[in-house]
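Chemist: File target07.cif follows (mmCIF, C-alpha atoms):
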```
data_entry
#
loop_
_atom_site.label_atom_id
_atom_site.label_comp_id
_atom_site.auth_asym_id
_atom_site.auth_seq_id
_atom_site.Cartn_x
_atom_site.Cartn_y
_atom_site.Cartn_z
CA MET K 8 33.71 43.12 19.99
CA LYS K 9 30.05 43.94 20.46
CA LYS K 10 29.69 44.49 16.74
CA LEU K 11 31.33 41.12 16.00
CA PHE K 12 29.07 39.41 18.53
CA ALA K 13 26.01 40.98 16.90
CA ILE K 14 27.14 39.74 13.47
CA VAL K 15 27.70 36.21 14.79
CA LEU K 16 24.31 36.26 16.51
CA ALA K 17 22.58 37.45 13.34
CA LEU K 18 24.33 34.77 11.30
CA ALA K 19 23.31 32.05 13.77
CA PHE K 20 19.72 33.28 13.65
CA ALA K 21 19.75 33.26 9.84
CA LEU K 22 21.11 29.72 9.80
CA SER K 23 18.43 28.59 12.22
CA LEU K 24 15.75 30.04 9.96
CA THR K 25 17.26 28.21 6.99
CA ALA K 26 17.22 24.93 8.90
CA VAL K 27 13.57 25.43 9.76
CA ALA K 28 12.74 26.27 6.16
CA GLU K 29 14.46 23.12 4.95
CA THR K 30 12.45 20.89 7.30
CA LYS K 31 9.29 20.16 5.36
CA THR K 32 6.46 18.14 6.87
CA ILE K 33 4.95 15.99 4.14
CA VAL K 34 1.16 15.82 4.47
CA ILE K 35 -0.23 12.57 3.05
CA GLY K 36 -3.87 11.57 2.70
CA ALA K 37 -4.78 7.90 3.11
CA THR K 38 -7.61 5.56 3.91
CA ALA K 39 -7.31 3.97 7.34
CA SER K 40 -6.32 0.38 6.69
CA PRO K 41 -3.79 -0.51 5.47
CA HIS K 42 -2.59 2.79 4.00
CA ALA K 43 -2.48 4.97 7.11
CA GLU K 44 -1.10 2.04 9.12
CA VAL K 45 1.76 1.61 6.65
CA LEU K 46 2.50 5.34 6.69
CA ASP K 47 2.54 5.36 10.50
CA LEU K 48 5.02 2.47 10.34
CA ILE K 49 7.52 4.52 8.30
CA ALA K 50 7.00 7.86 10.05
CA ASP K 51 10.23 7.61 12.04
CA ASP K 52 12.16 6.51 8.94
CA MET K 53 10.94 9.51 6.98
CA ALA K 54 11.77 11.86 9.86
CA ALA K 55 15.29 10.40 9.99
CA LEU K 56 15.69 11.29 6.31
CA GLY K 57 14.62 14.86 7.07
CA TYR K 58 11.00 14.61 5.97
CA PRO K 59 8.55 14.20 8.87
CA ILE K 60 5.11 13.16 7.69
CA GLU K 61 1.59 13.98 8.80
CA VAL K 62 -1.10 11.45 7.87
CA LYS K 63 -4.67 12.58 7.25
CA VAL K 64 -7.23 9.76 7.14
CA PHE K 65 -10.06 9.86 4.58
CA ASN K 66 -13.12 7.60 4.28
CA ASP K 67 -14.35 9.14 1.05
CA TYR K 68 -12.51 8.15 -2.14
CA ASN K 69 -13.56 11.38 -3.84
CA LEU K 70 -11.61 13.73 -1.56
CA PRO K 71 -7.86 12.86 -1.53
CA CYS K 72 -7.03 13.56 -5.19
CA PRO K 73 -8.59 17.05 -5.26
CA ALA K 74 -6.83 17.72 -1.96
CA VAL K 75 -3.46 16.91 -3.56
CA ALA K 76 -4.25 19.06 -6.59
CA SER K 77 -5.21 22.04 -4.40
CA GLY K 78 -2.10 21.74 -2.21
CA GLU K 79 -4.00 20.73 0.93
CA LEU K 80 -2.06 17.45 0.72
CA ASP K 81 1.41 16.83 -0.68
CA ALA K 82 0.47 13.28 -1.65
CA ASN K 83 -2.12 10.62 -1.18
CA TYR K 84 -1.86 6.85 -0.92
CA PHE K 85 -5.03 4.84 -1.44
CA ALA K 86 -5.91 4.42 -5.11
CA HIS K 87 -5.15 2.20 -8.09
CA ILE K 88 -4.35 3.38 -11.61
CA PRO K 89 -7.88 3.00 -13.09
CA PHE K 90 -9.26 5.18 -10.29
CA ILE K 91 -6.49 7.75 -10.74
CA ASN K 92 -7.06 7.81 -14.51
CA GLY K 93 -10.78 8.24 -13.96
CA TYR K 94 -10.17 11.20 -11.68
CA ASN K 95 -7.72 12.82 -14.09
CA SER K 96 -10.14 12.48 -17.00
CA SER K 97 -12.79 14.35 -15.03
CA VAL K 98 -10.74 17.45 -14.16
CA SER K 99 -8.67 20.11 -15.88
CA GLU K 100 -4.99 19.64 -16.63
CA GLU K 101 -4.09 21.90 -13.71
CA GLU K 102 -5.97 19.64 -11.28
CA GLN K 103 -4.42 16.34 -12.35
CA VAL K 104 -2.20 14.13 -10.22
CA VAL K 105 0.57 11.66 -11.06
CA PRO K 106 1.11 8.13 -9.67
CA VAL K 107 4.73 7.74 -8.57
CA ILE K 108 5.10 4.77 -6.18
CA GLY K 109 3.37 1.42 -6.55
CA VAL K 110 3.18 -0.08 -3.05
CA HIS K 111 0.69 -2.89 -2.64
CA TYR K 112 -2.35 -4.73 -4.00
CA GLU K 113 -5.58 -5.54 -2.15
CA PRO K 114 -7.69 -8.38 -3.59
CA PHE K 115 -11.38 -7.62 -4.04
CA GLY K 116 -13.60 -10.18 -2.36
CA ILE K 117 -17.19 -11.36 -2.37
CA TYR K 118 -18.40 -11.60 1.23
CA SER K 119 -21.56 -12.96 2.83
CA ASN K 120 -23.02 -13.19 6.31
CA LYS K 121 -25.61 -15.68 5.05
CA TYR K 122 -23.80 -18.20 2.87
CA GLU K 123 -20.48 -20.02 2.95
CA SER K 124 -20.33 -20.71 -0.79
CA LEU K 125 -21.58 -19.20 -4.02
CA ASP K 126 -23.23 -22.56 -4.71
CA GLU K 127 -25.65 -21.85 -1.86
CA LEU K 128 -27.00 -18.65 -3.42
CA PRO K 129 -30.76 -18.80 -4.06
CA GLU K 130 -32.63 -17.53 -7.09
CA ASN K 131 -32.89 -13.74 -7.17
CA ALA K 132 -30.03 -13.34 -4.69
CA THR K 133 -29.04 -9.77 -3.89
CA VAL K 134 -25.58 -8.27 -4.28
CA CYS K 135 -24.18 -4.82 -3.54
CA ILE K 136 -21.13 -3.40 -5.35
CA PRO K 137 -19.17 -0.10 -5.30
CA ASN K 138 -20.74 2.83 -7.13
CA ASP K 139 -17.57 4.59 -8.36
CA VAL K 140 -16.78 3.79 -11.98
CA SER K 141 -13.38 2.10 -11.72
CA ASN K 142 -14.31 -0.09 -8.77
CA GLN K 143 -17.72 -0.93 -10.22
CA THR K 144 -15.94 -2.20 -13.33
CA ARG K 145 -13.64 -4.26 -11.13
CA ALA K 146 -16.59 -5.66 -9.18
CA LEU K 147 -18.39 -6.65 -12.38
CA PHE K 148 -15.35 -8.58 -13.59
CA LEU K 149 -15.19 -10.35 -10.24
CA LEU K 150 -18.87 -11.30 -10.51
CA GLN K 151 -18.18 -12.60 -14.02
CA ASP K 152 -15.21 -14.65 -12.78
CA ALA K 153 -17.54 -16.06 -10.13
CA GLY K 154 -19.97 -17.17 -12.84
CA LEU K 155 -22.76 -14.82 -11.77
CA ILE K 156 -22.91 -12.48 -14.79
CA VAL K 157 -21.62 -12.22 -18.35
CA LEU K 158 -19.97 -9.07 -19.73
CA PRO K 159 -19.38 -8.20 -23.41
CA GLU K 160 -16.70 -10.37 -25.01
CA ASP K 161 -14.49 -7.38 -25.77
CA ALA K 162 -14.82 -5.82 -22.30
CA GLN K 163 -11.54 -5.02 -20.53
CA PRO K 164 -10.82 -4.34 -16.83
CA THR K 165 -9.56 -0.90 -17.82
CA ASP K 166 -12.93 0.02 -19.39
CA GLU K 167 -15.50 2.09 -17.55
CA LEU K 168 -18.39 -0.33 -17.15
CA ASN K 169 -21.61 -0.30 -15.14
CA VAL K 170 -24.54 -2.63 -14.65
CA THR K 171 -26.13 -1.54 -17.93
CA ASP K 172 -23.22 -3.18 -19.76
CA ILE K 173 -24.03 -6.65 -18.43
CA VAL K 174 -24.97 -9.06 -21.23
CA GLU K 175 -26.46 -11.76 -19.00
CA ILE K 176 -27.36 -11.99 -15.32
CA LYS K 177 -27.50 -15.53 -13.93
CA ASN K 178 -30.28 -16.82 -11.68
CA GLY K 179 -32.02 -13.46 -11.36
CA LEU K 180 -29.17 -11.85 -9.43
CA GLN K 181 -30.29 -8.43 -8.20
CA ILE K 182 -27.49 -5.87 -8.32
CA SER K 183 -27.39 -2.58 -6.42
CA ASP K 184 -24.54 -0.18 -5.72
CA ILE K 185 -23.45 2.12 -2.92
CA ASP K 186 -20.46 4.22 -1.86
CA ALA K 187 -17.54 1.85 -1.28
CA ALA K 188 -17.08 2.88 2.35
CA GLN K 189 -20.64 1.75 3.12
CA LEU K 190 -20.35 -1.73 1.60
CA PRO K 191 -19.59 -3.63 4.84
CA SER K 192 -22.74 -2.18 6.39
CA THR K 193 -24.88 -3.91 3.73
CA LEU K 194 -23.77 -7.42 4.72
CA GLU K 195 -26.80 -7.86 6.99
CA ASP K 196 -29.25 -6.98 4.23
CA LYS K 197 -27.67 -8.42 1.08
CA ASP K 198 -26.95 -12.04 0.21
CA ILE K 199 -23.46 -11.17 -1.01
CA VAL K 200 -21.39 -7.97 -1.10
CA VAL K 201 -18.34 -7.11 -3.20
CA ILE K 202 -16.05 -5.14 -0.89
CA ASN K 203 -12.89 -3.15 -1.62
CA GLY K 204 -9.83 -4.49 0.18
CA ASN K 205 -9.22 -1.53 2.47
CA PHE K 206 -12.83 -1.28 3.63
CA ALA K 207 -12.94 -5.03 4.16
CA LEU K 208 -9.89 -4.73 6.42
CA ASP K 209 -11.50 -1.83 8.28
CA ALA K 210 -14.46 -4.12 8.96
CA GLY K 211 -12.23 -6.92 10.25
CA LEU K 212 -12.56 -9.00 7.07
CA SER K 213 -9.91 -10.49 4.81
CA PRO K 214 -10.11 -12.30 1.45
CA LEU K 215 -8.18 -15.32 2.68
CA ASN K 216 -10.25 -15.94 5.81
CA ASP K 217 -13.66 -14.47 5.10
CA ALA K 218 -14.39 -14.06 1.39
CA ILE K 219 -16.30 -16.79 -0.41
CA PHE K 220 -14.65 -15.71 -3.68
CA TYR K 221 -11.80 -13.30 -4.37
CA GLU K 222 -9.28 -12.13 -6.94
CA PRO K 223 -6.20 -14.34 -7.22
CA ALA K 224 -2.97 -12.64 -6.21
CA ASP K 225 -1.24 -13.97 -9.32
CA GLY K 226 -3.91 -12.73 -11.74
CA ALA K 227 -4.12 -9.66 -13.96
CA ALA K 228 -5.92 -7.71 -11.23
CA ALA K 229 -2.76 -7.62 -9.11
CA GLU K 230 -1.05 -5.63 -11.86
CA ILE K 231 -3.98 -3.42 -12.79
CA TYR K 232 -5.15 -2.54 -9.29
CA ALA K 233 -1.93 -1.96 -7.37
CA ASN K 234 -2.27 0.98 -4.97
CA TYR K 235 -0.07 4.00 -5.69
CA VAL K 236 1.17 7.13 -4.02
CA VAL K 237 0.22 10.15 -6.13
CA VAL K 238 1.61 13.69 -6.15
CA ARG K 239 1.32 16.89 -8.14
CA PRO K 240 3.25 16.89 -11.46
CA GLU K 241 5.80 19.40 -10.16
CA ASP K 242 6.71 17.10 -7.27
CA VAL K 243 7.42 13.93 -9.27
CA ASP K 244 11.19 14.35 -8.97
CA ALA K 245 11.21 15.90 -5.50
CA GLU K 246 13.74 14.52 -3.02
CA TRP K 247 11.01 13.78 -0.50
CA VAL K 248 9.25 11.56 -3.05
CA GLU K 249 12.40 9.47 -3.43
CA ALA K 250 12.70 9.31 0.36
CA LEU K 251 9.10 8.12 0.55
CA ARG K 252 9.75 5.48 -2.09
CA GLN K 253 12.75 4.17 -0.16
CA CYS K 254 10.75 3.94 3.05
CA LEU K 255 7.63 2.39 1.53
CA CYS K 256 9.38 -0.13 -0.72
CA SER K 257 11.46 -1.55 2.08
CA GLU K 258 11.93 -4.89 3.79
CA LYS K 259 10.30 -3.41 6.89
CA VAL K 260 7.08 -2.64 5.01
CA TYR K 261 7.21 -5.89 3.04
CA GLU K 262 7.35 -7.95 6.23
CA PHE K 263 4.69 -5.81 7.90
CA MET K 264 2.31 -6.58 5.04
CA THR K 265 3.09 -10.27 4.70
CA ASP K 266 3.41 -11.14 8.40
CA ASN K 267 0.45 -9.13 9.68
CA GLU K 268 -2.22 -11.64 10.73
CA ALA K 269 -4.89 -8.95 10.59
CA TYR K 270 -4.29 -8.58 6.85
CA ALA K 271 -4.41 -12.34 6.10
CA GLY K 272 -3.84 -12.12 2.38
CA GLY K 273 -5.64 -8.80 2.07
CA VAL K 274 -2.47 -6.74 1.54
CA ILE K 275 0.10 -8.01 -0.95
CA PRO K 276 3.32 -6.04 -1.64
CA TYR K 277 3.51 -4.80 -5.22
CA PHE K 278 7.22 -4.05 -5.09
CA SER K 279 10.05 -6.60 -5.18
CA LEU K 280 12.73 -6.56 -2.50
CA GLU K 281 15.21 -7.92 -5.05
CA ALA K 282 14.45 -5.01 -7.36
CA GLU K 283 14.96 -2.53 -4.54
CA GLU K 284 18.36 -4.03 -3.72
CA GLU K 285 19.66 -3.77 -7.30
#
```
Mind turning this structure into structure tokens?
Modeler:
Amino acid sequence: MKKLFAIVLALAFALSLTAVAETKTIVIGATASPHAEVLDLIADDMAALGYPIEVKVFNDYNLPCPAVASGELDANYFAHIPFINGYNSSVSEEEQVVPVIGVHYEPFGIYSNKYESLDELPENATVCIPNDVSNQTRALFLLQDAGLIVLPEDAQPTDELNVTDIVEIKNGLQISDIDAAQLPSTLEDKDIVVINGNFALDAGLSPLNDAIFYEPADGAAAEIYANYVVVRPEDVDAEWVEALRQCLCSEKVYEFMTDNEAYAGGVIPYFSLEAEEE
């Protein structure tokens, strides 16, 4: 009897170890708003599917992709395809990451603490834009759409452009660049500032309420600059990735994005609820 009890006890212990081993906490890097907020929203849903998540907040765009590649993170959620492509082109094949879930789009906006309209801009007005390649390209196209600069006729949003590619600058516009996270802090000094959607939200700004010019939600930018979850190549077909897709591309998240007054047009779902139901 004692021997049988010992066997049963050993078996129970082994099963408990297996259960622990099968419970994997998914560590996801994200910028604060809206990415980390969205992940916090689905944390209970992921745990119910057997995949509790831990969210690590980053303010530096340059850190989350290397952290995924190294295994420090299982995934990150903050970047659009041009940024991801730019990162992948700068590293070895072993360090590359793969976009797997398109979640939402954040319109870029031109903001000002000094003027309520682009028509009010004086000669030699100052503007600050992001300094990373993909977002600088995006900012330059926004300035062109606003009638402030002219880019080469054959330039495409997927190109890697910088200020030296500008063909014409209108009215003596003076362009400088800075790390994207620091853009809101330049509003006091610059006449206008082109701010990434997530950092605008962090600063309490939204395209709909505060920008004097912004990307239209029905334009090409919404397709090009949708924000994706990325993972390592070996995890593309992992069960936890499918669980994450189900939780992120859900009615709960859709309504959170569209009904959240703090976002006010600054976070637009990229996924379709109809598509998810099919």
Chemist: Go ahead and compute the interatomic distance for CA of Asp244 in chain K and CA of Ala227 in chain K, in Å to one decimal.
Modeler: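 Separation between CA of Asp244 in chain K and CA of Ala227 in chain K: 28.9 Å.
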Chemist: Go through K:Leu147, K:Val274, K:Leu208, K:Ala43 one by one, measure the shortest atom-to-atom distance of each to Leu168 in chain K using only C-alpha atoms, and give the residue with the smallest value.
Modeler: K:Leu147
Chemist: What's the 8 Å shell around Gly109 in chain K, counting only C-alpha atoms, without same-chain residues fewer than 5 positions away, as a ChimeraX atom specification?
Modeler: /K:233-236,277-278
Chemist: Could you list, as a ChimeraX atom specification, every residue matched by the PyMOL selection byres ((chain K and resi 49) around 12) in this structure?
Modeler: /K:42-48,50-56,58-62,250-261,263
Chemist: Grab the residues selected above and save them as an mmCIF file, in the frame of the given file with C-alpha atoms.
Modeler:
```
data_model
loop_
_atom_site.group_PDB
_atom_site.id
_atom_site.type_symbol
_atom_site.label_atom_id
_atom_site.label_comp_id
_atom_site.auth_asym_id
_atom_site.auth_seq_id
_atom_site.Cartn_x
_atom_site.Cartn_y
_atom_site.Cartn_z
ATOM 1 C CA HIS K 42 -2.590 2.790 4.000
ATOM 2 C CA ALA K 43 -2.480 4.970 7.110
ATOM 3 C CA GLU K 44 -1.100 2.040 9.120
ATOM 4 C CA VAL K 45 1.760 1.610 6.650
ATOM 5 C CA LEU K 46 2.500 5.340 6.690
ATOM 6 C CA ASP K 47 2.540 5.360 10.500
ATOM 7 C CA LEU K 48 5.020 2.470 10.340
ATOM 8 C CA ALA K 50 7.000 7.860 10.050
ATOM 9 C CA ASP K 51 10.230 7.610 12.040
ATOM 10 C CA ASP K 52 12.160 6.510 8.940
ATOM 11 C CA MET K 53 10.940 9.510 6.980
ATOM 12 C CA ALA K 54 11.770 11.860 9.860
ATOM 13 C CA ALA K 55 15.290 10.400 9.990
ATOM 14 C CA LEU K 56 15.690 11.290 6.310
ATOM 15 C CA TYR K 58 11.000 14.610 5.970
ATOM 16 C CA PRO K 59 8.550 14.200 8.870
ATOM 17 C CA ILE K 60 5.110 13.160 7.690
ATOM 18 C CA GLU K 61 1.590 13.980 8.800
ATOM 19 C CA VAL K 62 -1.100 11.450 7.870
ATOM 20 C CA ALA K 250 12.700 9.310 0.360
ATOM 21 C CA LEU K 251 9.100 8.120 0.550
ATOM 22 C CA ARG K 252 9.750 5.480 -2.090
ATOM 23 C CA GLN K 253 12.750 4.170 -0.160
ATOM 24 C CA CYS K 254 10.750 3.940 3.050
ATOM 25 C CA LEU K 255 7.630 2.390 1.530
ATOM 26 C CA CYS K 256 9.380 -0.130 -0.720
ATOM 27 C CA SER K 257 11.460 -1.550 2.080
ATOM 28 C CA GLU K 258 11.930 -4.890 3.790
ATOM 29 C CA LYS K 259 10.300 -3.410 6.890
ATOM 30 C CA VAL K 260 7.080 -2.640 5.010
ATOM 31 C CA TYR K 261 7.210 -5.890 3.040
ATOM 32 C CA PHE K 263 4.690 -5.810 7.900
#
```
Chemist: State, in Å with one decimal place, the distance from CA of Ile202 in chain K to CA of Asp161 in chain K.
Modeler: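 Atom-to-atom, CA of Ile202 in chain K and CA of Asp161 in chain K are spaced 25.0 Å apart.
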Chemist: Go through range 190-277 of chain K and flag each residue having an atom no more than 10 Å from range 75-95 of chain K; for those, report the closest pair of atoms plus their distance in Å to one decimal, using only C-alpha atoms, ordered by chain and rising number, as a Markdown table.
Modeler:
```
| residue | atom | partner | partner_atom | distance |
| --- | --- | --- | --- | --- |
| K:Asn205 | CA | K:Phe85 | CA | 8.6 |
| K:Glu230 | CA | K:Ile88 | CA | 9.6 |
| K:Ile231 | CA | K:Ile88 | CA | 6.9 |
| K:Tyr232 | CA | K:His87 | CA | 4.9 |
| K:Ala233 | CA | K:His87 | CA | 5.3 |
| K:Asn234 | CA | K:His87 | CA | 4.4 |
| K:Tyr235 | CA | K:Tyr84 | CA | 5.8 |
| K:Val236 | CA | K:Tyr84 | CA | 4.3 |
| K:Val237 | CA | K:Ala82 | CA | 5.5 |
| K:Val238 | CA | K:Ala82 | CA | 4.7 |
| K:Arg239 | CA | K:Ala76 | CA | 6.2 |
| K:Pro240 | CA | K:Ala76 | CA | 9.2 |
| K:Asp242 | CA | K:Asp81 | CA | 8.5 |
| K:Val248 | CA | K:Ala82 | CA | 9.1 |
```
Chemist: Using all atoms listed in the file for the distances, tell me which of K:Ile117, K:Val107, K:Leu215, K:Gly57 is nearest to Ile33 in chain K.
Modeler: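 Ranking K:Ile117, K:Val107, K:Leu215, K:Gly57 by distance to Ile33 in chain K, first place goes to K:Gly57.
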Chemist: Quote the spacing between CA of Ala187 in chain K and CA of Ser213 in chain K in Å to one decimal place.
Modeler: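 A separation of 15.7 Å between them.
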Chemist: Pull the neighbourhood of (-14.4, 6.1, -7.0) for me: all residues within 7 Å in file coordinates, counting all atoms listed in the file, as a VMD selection string.
Modeler: chain K and resid 68 to 69 90 139 to 142
Chemist: Name every residue that the PyMOL selection byres ((chain K and resi 270-272) around 10) selects in this structure, writing the answer as an mmCIF file with C-alpha atoms, in the coordinates of the input with chains first and numbers rising.
Modeler:
```cif
data_model
loop_
_atom_site.group_PDB
_atom_site.id
_atom_site.type_symbol
_atom_site.label_atom_id
_atom_site.label_comp_id
_atom_site.auth_asym_id
_atom_site.auth_seq_id
_atom_site.Cartn_x
_atom_site.Cartn_y
_atom_site.Cartn_z
ATOM 1 C CA SER K 40 -6.320 0.380 6.690
ATOM 2 C CA PRO K 41 -3.790 -0.510 5.470
ATOM 3 C CA TYR K 112 -2.350 -4.730 -4.000
ATOM 4 C CA GLU K 113 -5.580 -5.540 -2.150
ATOM 5 C CA PRO K 114 -7.690 -8.380 -3.590
ATOM 6 C CA GLY K 204 -9.830 -4.490 0.180
ATOM 7 C CA ASN K 205 -9.220 -1.530 2.470
ATOM 8 C CA ALA K 207 -12.940 -5.030 4.160
ATOM 9 C CA LEU K 208 -9.890 -4.730 6.420
ATOM 10 C CA ASP K 209 -11.500 -1.830 8.280
ATOM 11 C CA GLY K 211 -12.230 -6.920 10.250
ATOM 12 C CA LEU K 212 -12.560 -9.000 7.070
ATOM 13 C CA SER K 213 -9.910 -10.490 4.810
ATOM 14 C CA PRO K 214 -10.110 -12.300 1.450
ATOM 15 C CA LEU K 215 -8.180 -15.320 2.680
ATOM 16 C CA ASN K 216 -10.250 -15.940 5.810
ATOM 17 C CA ASP K 217 -13.660 -14.470 5.100
ATOM 18 C CA ALA K 224 -2.970 -12.640 -6.210
ATOM 19 C CA PHE K 263 4.690 -5.810 7.900
ATOM 20 C CA MET K 264 2.310 -6.580 5.040
ATOM 21 C CA THR K 265 3.090 -10.270 4.700
ATOM 22 C CA ASP K 266 3.410 -11.140 8.400
ATOM 23 C CA ASN K 267 0.450 -9.130 9.680
ATOM 24 C CA GLU K 268 -2.220 -11.640 10.730
ATOM 25 C CA ALA K 269 -4.890 -8.950 10.590
ATOM 26 C CA GLY K 273 -5.640 -8.800 2.070
ATOM 27 C CA VAL K 274 -2.470 -6.740 1.540
ATOM 28 C CA ILE K 275 0.100 -8.010 -0.950
#
```
Chemist: From the options K:Ala229, K:Leu149, K:Leu190, K:Val134, which residue's atoms come nearest to Lys121 in chain K, counting only C-alpha atoms?
Modeler: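 Among the listed residues, K:Val134 lies closest to Lys121 in chain K.
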